[in-house]
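*Asks:* This is target19.cif, which holds mmCIF, C-alpha atoms:
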```
data_my_file
#
loop_
_atom_site.group_PDB
_atom_site.id
_atom_site.type_symbol
_atom_site.label_atom_id
_atom_site.label_comp_id
_atom_site.auth_asym_id
_atom_site.auth_seq_id
_atom_site.Cartn_x
_atom_site.Cartn_y
_atom_site.Cartn_z
ATOM 1 C CA MET A 225 22.515 43.207 -5.461
ATOM 2 C CA CYS A 226 21.958 43.896 -9.178
ATOM 3 C CA ASP A 227 24.506 41.255 -10.185
ATOM 4 C CA ASP A 228 22.761 38.720 -7.949
ATOM 5 C CA MET A 229 19.359 39.559 -9.420
ATOM 6 C CA THR A 230 20.724 39.224 -12.958
ATOM 7 C CA ALA A 231 22.175 35.806 -12.099
ATOM 8 C CA ILE A 232 18.886 34.611 -10.621
ATOM 9 C CA SER A 233 17.046 35.641 -13.785
ATOM 10 C CA LYS A 234 19.266 33.129 -15.629
ATOM 11 C CA MET A 235 17.962 30.111 -13.729
ATOM 12 C CA LYS A 236 17.448 27.190 -16.115
ATOM 13 C CA VAL A 237 15.293 24.073 -15.781
ATOM 14 C CA ASN A 238 16.851 20.788 -16.913
ATOM 15 C CA ARG A 239 14.646 17.721 -17.383
ATOM 16 C CA PHE A 240 15.820 14.121 -17.118
ATOM 17 C CA GLU A 241 14.311 11.018 -18.701
ATOM 18 C CA ASP A 242 16.611 8.525 -16.988
ATOM 19 C CA ALA A 243 16.313 8.100 -13.215
ATOM 20 C CA ASN A 244 19.936 6.947 -12.872
ATOM 21 C CA GLN A 245 21.285 10.020 -14.648
ATOM 22 C CA PHE A 246 18.992 12.242 -12.600
ATOM 23 C CA TYR A 247 20.161 10.691 -9.325
ATOM 24 C CA GLU A 248 23.818 11.084 -10.274
ATOM 25 C CA ARG A 249 23.183 14.781 -10.831
ATOM 26 C CA VAL A 250 21.187 15.454 -7.647
ATOM 27 C CA LYS A 251 22.467 12.981 -5.053
ATOM 28 C CA ASP A 252 25.168 15.196 -3.531
ATOM 29 C CA TYR A 253 22.730 18.094 -3.296
ATOM 30 C CA LEU A 254 20.011 15.978 -1.702
ATOM 31 C CA LEU A 255 22.375 14.190 0.675
ATOM 32 C CA SER A 256 23.809 17.489 1.908
ATOM 33 C CA HIS A 257 20.489 17.903 3.763
ATOM 34 C CA GLU A 258 19.464 14.262 4.025
ATOM 35 C CA ALA A 259 16.640 14.668 6.552
ATOM 36 C CA LEU A 260 15.005 17.415 4.500
ATOM 37 C CA HIS A 261 15.159 15.302 1.354
ATOM 38 C CA ILE A 262 14.316 11.855 2.685
ATOM 39 C CA LEU A 263 11.121 11.605 0.611
ATOM 40 C CA LEU A 264 12.868 12.612 -2.626
ATOM 41 C CA LEU A 265 15.753 10.233 -1.916
ATOM 42 C CA ARG A 266 13.347 7.409 -1.163
ATOM 43 C CA ILE A 267 11.506 7.914 -4.456
ATOM 44 C CA CYS A 268 14.805 8.057 -6.359
ATOM 45 C CA ASN A 269 15.670 4.705 -4.817
ATOM 46 C CA THR A 270 12.340 3.231 -5.914
ATOM 47 C CA LEU A 271 12.579 4.650 -9.446
ATOM 48 C CA ILE A 272 16.002 3.069 -9.892
ATOM 49 C CA HIS A 273 15.418 -0.304 -8.235
ATOM 50 C CA HIS A 274 11.643 -0.836 -8.570
ATOM 51 C CA PRO A 275 10.430 1.279 -11.527
ATOM 52 C CA GLN A 276 7.468 -1.061 -12.050
ATOM 53 C CA ARG A 277 5.763 0.622 -9.087
ATOM 54 C CA TYR A 278 4.972 3.611 -11.323
ATOM 55 C CA ASP A 279 2.734 3.539 -14.380
ATOM 56 C CA CYS A 280 3.692 6.917 -15.862
ATOM 57 C CA GLN A 281 6.939 8.627 -16.823
ATOM 58 C CA PRO A 282 8.068 10.692 -13.821
ATOM 59 C CA TYR A 283 8.856 14.373 -13.940
ATOM 60 C CA LEU A 284 12.504 14.750 -12.914
ATOM 61 C CA ALA A 285 14.023 18.209 -13.058
ATOM 62 C CA THR A 286 16.697 20.472 -11.676
ATOM 63 C CA VAL A 287 16.867 24.239 -11.541
ATOM 64 C CA GLU A 288 20.425 25.373 -12.152
ATOM 65 C CA MET A 289 22.334 28.632 -12.290
ATOM 66 C CA ASP A 290 25.833 28.851 -13.752
ATOM 67 C CA GLY A 291 26.115 25.067 -13.535
ATOM 68 C CA ASN A 292 25.164 24.957 -9.847
ATOM 69 C CA LEU A 293 22.035 23.291 -8.511
ATOM 70 C CA VAL A 294 19.473 25.638 -7.011
ATOM 71 C CA SER A 295 16.630 23.162 -6.468
ATOM 72 C CA VAL A 296 15.262 19.739 -7.433
ATOM 73 C CA ALA A 297 11.703 18.838 -8.450
ATOM 74 C CA MET A 298 10.125 15.401 -8.841
ATOM 75 C CA ARG A 299 6.697 14.012 -9.606
ATOM 76 C CA THR A 300 5.382 10.476 -10.047
ATOM 77 C CA PRO A 301 1.881 10.961 -11.537
ATOM 78 C CA PRO A 302 -0.812 11.120 -10.320
ATOM 79 C CA ARG A 303 0.813 12.351 -7.108
ATOM 80 C CA ARG A 304 1.777 15.883 -6.118
ATOM 81 C CA LEU A 305 4.940 17.639 -7.233
ATOM 82 C CA LEU A 306 7.771 17.286 -4.679
ATOM 83 C CA LEU A 307 10.288 20.059 -4.099
ATOM 84 C CA SER A 308 13.705 20.091 -2.495
ATOM 85 C CA LYS A 309 15.181 22.768 -0.308
ATOM 86 C CA VAL A 310 16.080 25.786 -2.440
ATOM 87 C CA GLU A 311 19.699 26.913 -2.323
ATOM 88 C CA LYS A 312 19.632 30.522 -1.181
ATOM 89 C CA PHE A 313 22.140 33.234 -1.929
ATOM 90 C CA ALA A 314 22.969 35.768 0.757
ATOM 91 C CA ALA A 315 21.974 38.987 -0.977
ATOM 92 C CA VAL A 316 18.678 37.712 -2.327
ATOM 93 C CA GLU A 317 17.447 35.010 0.057
ATOM 94 C CA ALA A 318 13.826 36.159 -0.197
ATOM 95 C CA ILE A 319 13.899 35.947 -4.003
ATOM 96 C CA CYS A 320 15.481 32.529 -4.638
ATOM 97 C CA ALA A 321 12.537 30.295 -3.706
ATOM 98 C CA GLU A 322 10.219 32.524 -5.724
ATOM 99 C CA ARG A 323 12.391 32.522 -8.859
ATOM 100 C CA SER A 324 13.055 28.787 -8.678
ATOM 101 C CA SER A 325 9.338 28.076 -8.274
ATOM 102 C CA GLU A 326 8.500 30.323 -11.202
ATOM 103 C CA ALA A 327 10.981 28.443 -13.397
ATOM 104 C CA ILE A 328 9.504 25.036 -12.510
ATOM 105 C CA ALA A 329 5.914 26.271 -12.830
ATOM 106 C CA GLN A 330 6.613 27.734 -16.266
ATOM 107 C CA ASP A 331 8.314 24.511 -17.387
ATOM 108 C CA LEU A 332 5.413 22.330 -16.255
ATOM 109 C CA HIS A 333 2.819 24.669 -17.737
ATOM 110 C CA SER A 334 4.657 24.886 -21.073
ATOM 111 C CA HIS A 335 4.354 21.093 -21.350
ATOM 112 C CA GLN A 336 0.621 21.336 -20.477
ATOM 113 C CA GLU A 337 1.057 19.269 -17.345
ATOM 114 C CA GLN A 338 -1.692 19.320 -14.731
ATOM 115 C CA LEU A 339 -0.892 19.188 -11.044
ATOM 116 C CA PRO A 340 -3.106 18.110 -8.144
ATOM 117 C CA GLY A 341 -0.810 19.926 -5.731
ATOM 118 C CA VAL A 342 2.687 20.409 -4.350
ATOM 119 C CA SER A 343 4.581 19.105 -1.312
ATOM 120 C CA GLY A 344 7.724 20.552 0.163
ATOM 121 C CA LEU A 345 9.368 22.471 2.947
ATOM 122 C CA ALA A 346 7.068 25.221 4.179
ATOM 123 C CA THR A 347 8.744 28.170 2.407
ATOM 124 C CA GLU A 348 9.398 26.329 -0.848
ATOM 125 C CA ALA A 349 5.919 24.779 -1.099
ATOM 126 C CA PHE A 350 4.192 28.112 -0.460
ATOM 127 C CA ALA A 351 6.382 29.888 -3.027
ATOM 128 C CA PHE A 352 5.496 27.278 -5.653
ATOM 129 C CA ALA A 353 1.772 27.422 -4.834
ATOM 130 C CA GLN A 354 1.857 31.165 -5.459
ATOM 131 C CA ALA A 355 3.854 30.720 -8.665
ATOM 132 C CA TRP A 356 1.468 28.044 -9.952
ATOM 133 C CA GLN A 357 -1.507 30.279 -9.244
ATOM 134 C CA SER A 358 0.162 33.106 -11.146
ATOM 135 C CA VAL A 359 0.867 30.887 -14.165
ATOM 136 C CA THR A 360 -2.404 28.913 -14.282
ATOM 137 C CA ASN A 361 -4.903 31.045 -12.332
ATOM 138 C CA GLN A 362 -5.642 27.979 -10.191
ATOM 139 C CA SER A 363 -6.369 28.431 -6.501
ATOM 140 C CA TYR A 364 -4.274 26.728 -3.852
ATOM 141 C CA LYS A 365 -5.228 25.410 -0.421
ATOM 142 C CA LEU A 366 -3.085 24.212 2.449
ATOM 143 C CA ASP A 367 -4.169 20.608 2.975
ATOM 144 C CA LYS A 368 -1.805 19.309 5.609
ATOM 145 C CA GLN A 369 1.038 20.542 7.771
ATOM 146 C CA LEU A 370 3.597 17.840 8.496
ATOM 147 C CA ARG A 371 6.859 17.587 10.412
ATOM 148 C CA ILE A 372 10.044 15.775 9.452
ATOM 149 C CA HIS A 373 11.700 13.965 12.365
ATOM 150 C CA GLN A 374 15.125 12.370 12.739
ATOM 151 C CA LEU A 375 16.460 9.837 15.253
ATOM 152 C CA ASP A 376 20.012 8.671 15.816
ATOM 153 C CA LYS A 377 19.507 6.733 19.051
ATOM 154 C CA VAL A 378 16.449 4.945 20.425
ATOM 155 C CA GLN A 379 15.660 6.099 23.949
ATOM 156 C CA PRO A 380 14.736 3.588 26.673
ATOM 157 C CA ILE A 381 10.951 3.257 26.904
ATOM 158 C CA SER A 382 8.463 1.054 28.668
ATOM 159 C CA ARG A 383 7.589 -1.570 26.050
ATOM 160 C CA SER A 384 4.129 -3.064 25.707
ATOM 161 C CA GLY A 385 3.638 -6.818 25.669
ATOM 162 C CA GLY A 386 4.495 -8.516 22.410
ATOM 163 C CA TYR A 387 7.290 -8.481 19.836
ATOM 164 C CA LEU A 388 8.152 -7.235 16.338
ATOM 165 C CA ARG A 389 7.965 -9.644 13.409
ATOM 166 C CA LEU A 390 7.722 -9.501 9.621
ATOM 167 C CA GLY A 391 4.281 -9.455 8.020
ATOM 168 C CA THR A 392 3.458 -12.361 5.712
ATOM 169 C CA GLU A 393 1.538 -12.941 2.498
ATOM 170 C CA ASP A 394 -0.969 -15.039 4.465
ATOM 171 C CA GLU A 395 -2.079 -11.844 6.240
ATOM 172 C CA TYR A 396 -2.715 -9.931 3.028
ATOM 173 C CA LEU A 397 -6.459 -9.346 3.520
ATOM 174 C CA LEU A 398 -6.070 -8.155 7.103
ATOM 175 C CA LEU A 399 -3.170 -5.894 6.199
ATOM 176 C CA LEU A 400 -5.024 -4.488 3.198
ATOM 177 C CA ASP A 401 -7.890 -3.491 5.490
ATOM 178 C CA TRP A 402 -5.406 -1.811 7.800
ATOM 179 C CA TYR A 403 -3.594 -0.077 4.943
ATOM 180 C CA LYS A 404 -6.834 1.293 3.519
ATOM 181 C CA ALA A 405 -7.892 2.481 6.974
ATOM 182 C CA PHE A 406 -4.546 4.257 7.310
ATOM 183 C CA ALA A 407 -5.017 5.989 3.925
ATOM 184 C CA ILE A 408 -8.480 7.237 4.882
ATOM 185 C CA GLU A 409 -7.230 8.573 8.233
ATOM 186 C CA ALA A 410 -4.059 10.124 6.805
ATOM 187 C CA PHE A 411 -5.308 11.482 3.472
ATOM 188 C CA GLY A 412 -9.075 11.653 3.840
ATOM 189 C CA SER A 413 -9.683 9.074 1.105
ATOM 190 C CA LEU A 414 -8.174 6.035 -0.602
ATOM 191 C CA GLN A 415 -5.282 6.899 -2.929
ATOM 192 C CA GLY A 416 -5.936 4.096 -5.419
ATOM 193 C CA ASP A 417 -2.606 2.304 -5.034
ATOM 194 C CA GLU A 418 -3.121 0.550 -1.719
ATOM 195 C CA GLU A 419 -2.996 -2.976 -3.181
ATOM 196 C CA ARG A 420 0.170 -2.286 -5.164
ATOM 197 C CA SER A 421 1.892 -0.597 -2.213
ATOM 198 C CA LEU A 422 1.039 -3.434 0.152
ATOM 199 C CA GLU A 423 2.232 -6.071 -2.313
ATOM 200 C CA HIS A 424 5.497 -4.165 -2.670
ATOM 201 C CA TYR A 425 6.067 -3.913 1.085
ATOM 202 C CA LEU A 426 5.374 -7.619 1.572
ATOM 203 C CA SER A 427 7.565 -8.728 -1.343
ATOM 204 C CA GLN A 428 10.435 -6.532 -0.135
ATOM 205 C CA LYS A 429 9.994 -7.713 3.461
ATOM 206 C CA THR A 430 9.667 -4.165 4.767
ATOM 207 C CA LEU A 431 6.286 -4.493 6.524
ATOM 208 C CA TYR A 432 6.378 -5.418 10.190
ATOM 209 C CA ILE A 433 3.740 -6.440 12.720
ATOM 210 C CA TRP A 434 3.652 -5.949 16.457
ATOM 211 C CA GLN A 435 2.424 -9.292 17.718
ATOM 212 C CA ASP A 436 0.826 -9.610 21.142
ATOM 213 C CA GLU A 437 -1.737 -12.367 21.629
ATOM 214 C CA VAL A 438 -2.945 -11.263 18.187
ATOM 215 C CA SER A 439 -1.611 -8.848 15.534
ATOM 216 C CA VAL A 440 -2.163 -5.347 16.932
ATOM 217 C CA SER A 441 -0.127 -2.832 14.936
ATOM 218 C CA MET A 442 1.849 -2.461 11.718
ATOM 219 C CA VAL A 443 4.779 -0.366 10.583
ATOM 220 C CA CYS A 444 6.746 -0.223 7.351
ATOM 221 C CA GLY A 445 10.415 0.646 7.189
ATOM 222 C CA LYS A 446 13.587 0.071 5.235
ATOM 223 C CA VAL A 447 17.068 1.373 4.552
ATOM 224 C CA SER A 448 16.286 4.120 2.015
ATOM 225 C CA THR A 449 19.390 6.323 1.729
ATOM 226 C CA PRO A 450 23.142 5.875 2.120
ATOM 227 C CA ASN A 451 22.842 6.937 5.753
ATOM 228 C CA GLY A 452 19.229 6.557 6.749
ATOM 229 C CA GLY A 453 16.146 4.439 7.150
ATOM 230 C CA TRP A 454 12.567 5.448 6.470
ATOM 231 C CA ILE A 455 9.738 4.663 8.887
ATOM 232 C CA GLY A 456 6.125 4.734 7.713
ATOM 233 C CA PRO A 457 3.292 4.248 7.378
ATOM 234 C CA VAL A 458 2.368 3.333 10.947
ATOM 235 C CA TYR A 459 -1.124 2.079 11.775
ATOM 236 C CA THR A 460 -2.864 0.629 14.816
ATOM 237 C CA PRO A 461 -6.572 -0.339 14.664
ATOM 238 C CA LYS A 462 -8.715 1.781 16.967
ATOM 239 C CA ASN A 463 -9.556 -1.059 19.364
ATOM 240 C CA TYR A 464 -5.822 -1.603 20.058
ATOM 241 C CA ARG A 465 -4.851 2.024 20.610
ATOM 242 C CA ARG A 466 -3.655 3.632 23.859
ATOM 243 C CA LYS A 467 -1.859 0.437 24.846
ATOM 244 C CA GLY A 468 1.644 1.429 23.741
ATOM 245 C CA TYR A 469 1.698 -0.852 20.711
ATOM 246 C CA ALA A 470 2.601 1.809 18.109
ATOM 247 C CA THR A 471 5.339 3.194 20.343
ATOM 248 C CA SER A 472 6.852 -0.253 20.874
ATOM 249 C CA CYS A 473 6.508 -1.117 17.198
ATOM 250 C CA VAL A 474 8.259 2.041 15.933
ATOM 251 C CA ALA A 475 10.959 1.870 18.607
ATOM 252 C CA ALA A 476 11.762 -1.747 17.762
ATOM 253 C CA LEU A 477 11.901 -1.148 14.006
ATOM 254 C CA SER A 478 13.989 2.007 14.467
ATOM 255 C CA GLN A 479 16.498 -0.005 16.460
ATOM 256 C CA THR A 480 16.457 -2.723 13.805
ATOM 257 C CA LEU A 481 17.347 -0.197 11.095
ATOM 258 C CA LEU A 482 20.125 1.299 13.231
ATOM 259 C CA ASP A 483 21.471 -2.213 13.814
ATOM 260 C CA GLN A 484 21.473 -2.743 10.034
ATOM 261 C CA GLY A 485 23.892 0.161 9.659
ATOM 262 C CA CYS A 486 21.694 3.247 9.391
ATOM 263 C CA ARG A 487 23.083 6.353 11.087
ATOM 264 C CA TYR A 488 19.616 7.881 11.271
ATOM 265 C CA CYS A 489 15.938 7.025 10.993
ATOM 266 C CA PHE A 490 13.424 9.460 9.531
ATOM 267 C CA LEU A 491 9.651 9.787 9.650
ATOM 268 C CA PHE A 492 6.855 12.277 9.013
ATOM 269 C CA THR A 493 4.125 13.229 11.480
ATOM 270 C CA ASP A 494 0.976 15.290 11.185
ATOM 271 C CA SER A 495 1.530 18.584 13.030
ATOM 272 C CA ALA A 496 -2.117 18.499 14.127
ATOM 273 C CA ASN A 497 -1.730 15.122 15.855
ATOM 274 C CA PRO A 498 -0.227 15.735 19.325
ATOM 275 C CA THR A 499 -0.438 12.046 20.215
ATOM 276 C CA SER A 500 1.860 10.810 17.443
ATOM 277 C CA ASN A 501 4.255 13.724 17.919
ATOM 278 C CA HIS A 502 4.552 12.907 21.622
ATOM 279 C CA ILE A 503 4.993 9.183 20.956
ATOM 280 C CA TYR A 504 7.868 9.678 18.555
ATOM 281 C CA LYS A 505 9.559 12.246 20.776
ATOM 282 C CA THR A 506 9.671 9.755 23.650
ATOM 283 C CA ILE A 507 11.387 7.243 21.341
ATOM 284 C CA GLY A 508 14.062 9.774 20.436
ATOM 285 C CA TYR A 509 12.808 11.452 17.258
ATOM 286 C CA GLN A 510 13.569 15.166 17.005
ATOM 287 C CA ARG A 511 11.774 17.659 14.772
ATOM 288 C CA VAL A 512 13.924 18.813 11.857
ATOM 289 C CA ALA A 513 11.610 20.911 9.674
ATOM 290 C CA ASP A 514 8.033 21.639 8.639
ATOM 291 C CA TRP A 515 6.689 20.109 5.428
ATOM 292 C CA ASN A 516 3.423 21.285 3.847
ATOM 293 C CA ASP A 517 0.992 19.829 1.304
ATOM 294 C CA TYR A 518 -1.007 22.156 -0.956
ATOM 295 C CA SER A 519 -3.767 21.219 -3.401
ATOM 296 C CA PHE A 520 -4.718 23.113 -6.574
ATOM 297 C CA THR A 521 -8.221 23.691 -7.910
ATOM 298 C CA GLU A 522 -9.647 25.378 -10.968
ATOM 299 C CA ASN A 523 -11.251 28.754 -10.374
ATOM 300 C CA LYS A 524 -14.860 28.712 -11.514
ATOM 301 C CA ALA A 525 -15.814 31.391 -13.956
ATOM 302 C CA VAL A 526 -18.261 33.916 -12.567
ATOM 303 C CA ASN A 527 -20.959 35.270 -14.892
ATOM 304 C CA VAL A 528 -21.572 38.941 -14.320
ATOM 305 C CA THR A 529 -24.776 40.440 -15.655
ATOM 306 C CA ALA A 530 -25.651 44.082 -15.802
#
```
Please express what this file holds, its structure, as structure tokens.
*Replies:*
Amino acid sequence: MCDDMTAISKMKVNRFEDANQFYERVKDYLLSHEALHILLLRICNTLIHHPQRYDCQPYLATVEMDGNLVSVAMRTPPRRLLLSKVEKFAAVEAICAERSSEAIAQDLHSHQEQLPGVSGLATEAFAFAQAWQSVTNQSYKLDKQLRIHQLDKVQPISRSGGYLRLGTEDEYLLLLDWYKAFAIEAFGSLQGDEERSLEHYLSQKTLYIWQDEVSVSMVCGKVSTPNGGWIGPVYTPKNYRRKGYATSCVAALSQTLLDQGCRYCFLFTDSANPTSNHIYKTIGYQRVADWNDYSFTENKAVNVTA
């Protein structure tokens, strides 16, 4: 036990400036648990192939011990910090996430970096939130509880009327309205990059429409990892809901990605939304893990008078 604790105290944070070098270092670690790391892998892909999507230098870091990866951390400002699964060691499983989080928190704080929050697997995200509070005295709050889902075969379902097709530049204004509505429903407010994100999806031909007599639903998706495809966001305007459009749309795109060579498809759902969780389960998506978002806020000073 003592030897293990001594080793853990020697955890070291390594920063990377180059996304290609970073990916070469972390890819085997991330791909060993591909479903758990789909978001980190997707962002690595974007940083390498479409770096213009980000205005600021990303934070790319590994925590290592004796030359072995313990965890991976990424951030593309102004977004939250993203954490990988933490490699645990048998004798000190309860300590590893804590020590890794402390190392990353100290590294970020030493460079005077501010964080709006952290996202990661439930245990890892909570450990970092506690570490960040200890280092900065900022409070943390659980904002959203999500679930990671994986599909390897689309199940037979009753399809709604209509068909899947690519979205076009001519539909930009309509799709922008939909994308902004999605952001407000999913995050509580606009994120400020809706126009850029939509332009990227359209230019990369990764935004799809479910077309009935009119356009009724949208879904984005693409091959994002060596083995998998990413699905999301998914949005159906309120007046077209409860007609099976989102189910048909996601099922059709999932099958398209499998036909393109993906072994799996991945997506996130809100744990508090039983409708979406049920929809994706009927298509064939299975829950893999819980993923939590925390936000950080400054503690207000309290004046105490005698």
*Asks:* Given the file shown, determine the residues that the PyMOL selection byres ((chain A and resi 340-342) around 9) selects; report them as a list in words.
*Replies:*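 Applied to this file, the PyMOL selection byres ((chain A and resi 340-342) around 9) selects Pro302, Arg303, Arg304, Leu305, Leu306, Leu307, Gln338, Leu339, Ser343, Gly344, Ala349, Phe350, Phe352, Ala353, Tyr364, Lys365, Asn516, Asp517, Tyr518, Ser519, Phe520 and Thr521 of chain A.
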*Asks:* Determine the residue set returned by the PyMOL selection byres ((chain A and resi 287-289) around 9) for the present structure, and present it as a list in words.
*Replies:*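 Listing what the PyMOL selection byres ((chain A and resi 287-289) around 9) selects in the shown file: Ala231, Ile232, Ser233, Lys234, Met235, Lys236, Val237, Asn238, Ala285, Thr286, Asp290, Gly291, Asn292, Leu293, Val294, Ser295, Val296, Ala297, Ser324, Ala327 and Ile328 of chain A.
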*Asks:* Write a file of the selected residues as a PDB file, in the frame of the given file, keeping C-alpha atoms.
*Replies:*
```
ATOM      1  CA  ALA A 231      22.175  35.806 -12.099  1.00  0.00           C
ATOM      2  CA  ILE A 232      18.886  34.611 -10.621  1.00  0.00           C
ATOM      3  CA  SER A 233      17.046  35.641 -13.785  1.00  0.00           C
ATOM      4  CA  LYS A 234      19.266  33.129 -15.629  1.00  0.00           C
ATOM      5  CA  MET A 235      17.962  30.111 -13.729  1.00  0.00           C
ATOM      6  CA  LYS A 236      17.448  27.190 -16.115  1.00  0.00           C
ATOM      7  CA  VAL A 237      15.293  24.073 -15.781  1.00  0.00           C
ATOM      8  CA  ASN A 238      16.851  20.788 -16.913  1.00  0.00           C
ATOM      9  CA  ALA A 285      14.023  18.209 -13.058  1.00  0.00           C
ATOM     10  CA  THR A 286      16.697  20.472 -11.676  1.00  0.00           C
ATOM     11  CA  ASP A 290      25.833  28.851 -13.752  1.00  0.00           C
ATOM     12  CA  GLY A 291      26.115  25.067 -13.535  1.00  0.00           C
ATOM     13  CA  ASN A 292      25.164  24.957  -9.847  1.00  0.00           C
ATOM     14  CA  LEU A 293      22.035  23.291  -8.511  1.00  0.00           C
ATOM     15  CA  VAL A 294      19.473  25.638  -7.011  1.00  0.00           C
ATOM     16  CA  SER A 295      16.630  23.162  -6.468  1.00  0.00           C
ATOM     17  CA  VAL A 296      15.262  19.739  -7.433  1.00  0.00           C
ATOM     18  CA  ALA A 297      11.703  18.838  -8.450  1.00  0.00           C
ATOM     19  CA  SER A 324      13.055  28.787  -8.678  1.00  0.00           C
ATOM     20  CA  ALA A 327      10.981  28.443 -13.397  1.00  0.00           C
ATOM     21  CA  ILE A 328       9.504  25.036 -12.510  1.00  0.00           C
TER      22      ILE A 328
END
```
*Asks:* Expressed in Å to a single decimal, how great is the separation between atom CA of Glu395 of chain A and atom CA of Gly456 of chain A?
*Replies:*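 Atom-to-atom, atom CA of Glu395 of chain A to atom CA of Gly456 of chain A, that is 18.6 Å.
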*Asks:* To one decimal place, how far is atom CA of Arg371 of chain A from atom CA of Trp454 of chain A in Å?
*Replies:*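 Atom CA of Trp454 of chain A lies at a distance of 14.0 Å from atom CA of Arg371 of chain A.
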*Asks:* Evaluating the PyMOL selection byres ((chain A and resi 401-416) around 9) on the displayed file yields which residues, as an MDAnalysis selection string?
*Replies:* chainID A and resid 368 396:400 417:420 422 441:442 457:461 494
*Asks:* Include C-alpha atoms and write out the residues we just selected as a compact mmCIF listing (two decimals), keeping the file's coordinate frame.
*Replies:*
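Once written, again_34.txt looks like this:
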```
# COMPACT_ATOMS: atom_id res chain seq x y z
CA LYS A 368 -1.80 19.31 5.61
CA TYR A 396 -2.72 -9.93 3.03
CA LEU A 397 -6.46 -9.35 3.52
CA LEU A 398 -6.07 -8.15 7.10
CA LEU A 399 -3.17 -5.89 6.20
CA LEU A 400 -5.02 -4.49 3.20
CA ASP A 417 -2.61 2.30 -5.03
CA GLU A 418 -3.12 0.55 -1.72
CA GLU A 419 -3.00 -2.98 -3.18
CA ARG A 420 0.17 -2.29 -5.16
CA LEU A 422 1.04 -3.43 0.15
CA SER A 441 -0.13 -2.83 14.94
CA MET A 442 1.85 -2.46 11.72
CA PRO A 457 3.29 4.25 7.38
CA VAL A 458 2.37 3.33 10.95
CA TYR A 459 -1.12 2.08 11.78
CA THR A 460 -2.86 0.63 14.82
CA PRO A 461 -6.57 -0.34 14.66
CA ASP A 494 0.98 15.29 11.18
```
*Asks:* Using all atoms listed in the file, find the one residue out of A:Asn451, A:Thr480, A:Thr506, A:Ser500 that sits nearest to Leu255 of chain A.
*Replies:*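 Closest to Leu255 of chain A, using all atoms listed in the file: A:Asn451.
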*Asks:* What's the 9 Å shell around Thr270 of chain A, counting all atoms listed in the file, without same-chain residues fewer than 6 positions away, as a ChimeraX atom specification?
*Replies:* /A:276-277,448
*Asks:* Which distance in Å separates atom CA of His274 of chain A and atom CA of Ala259 of chain A, to one decimal?
*Replies:*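 Between these atoms lies a distance of 22.2 Å.
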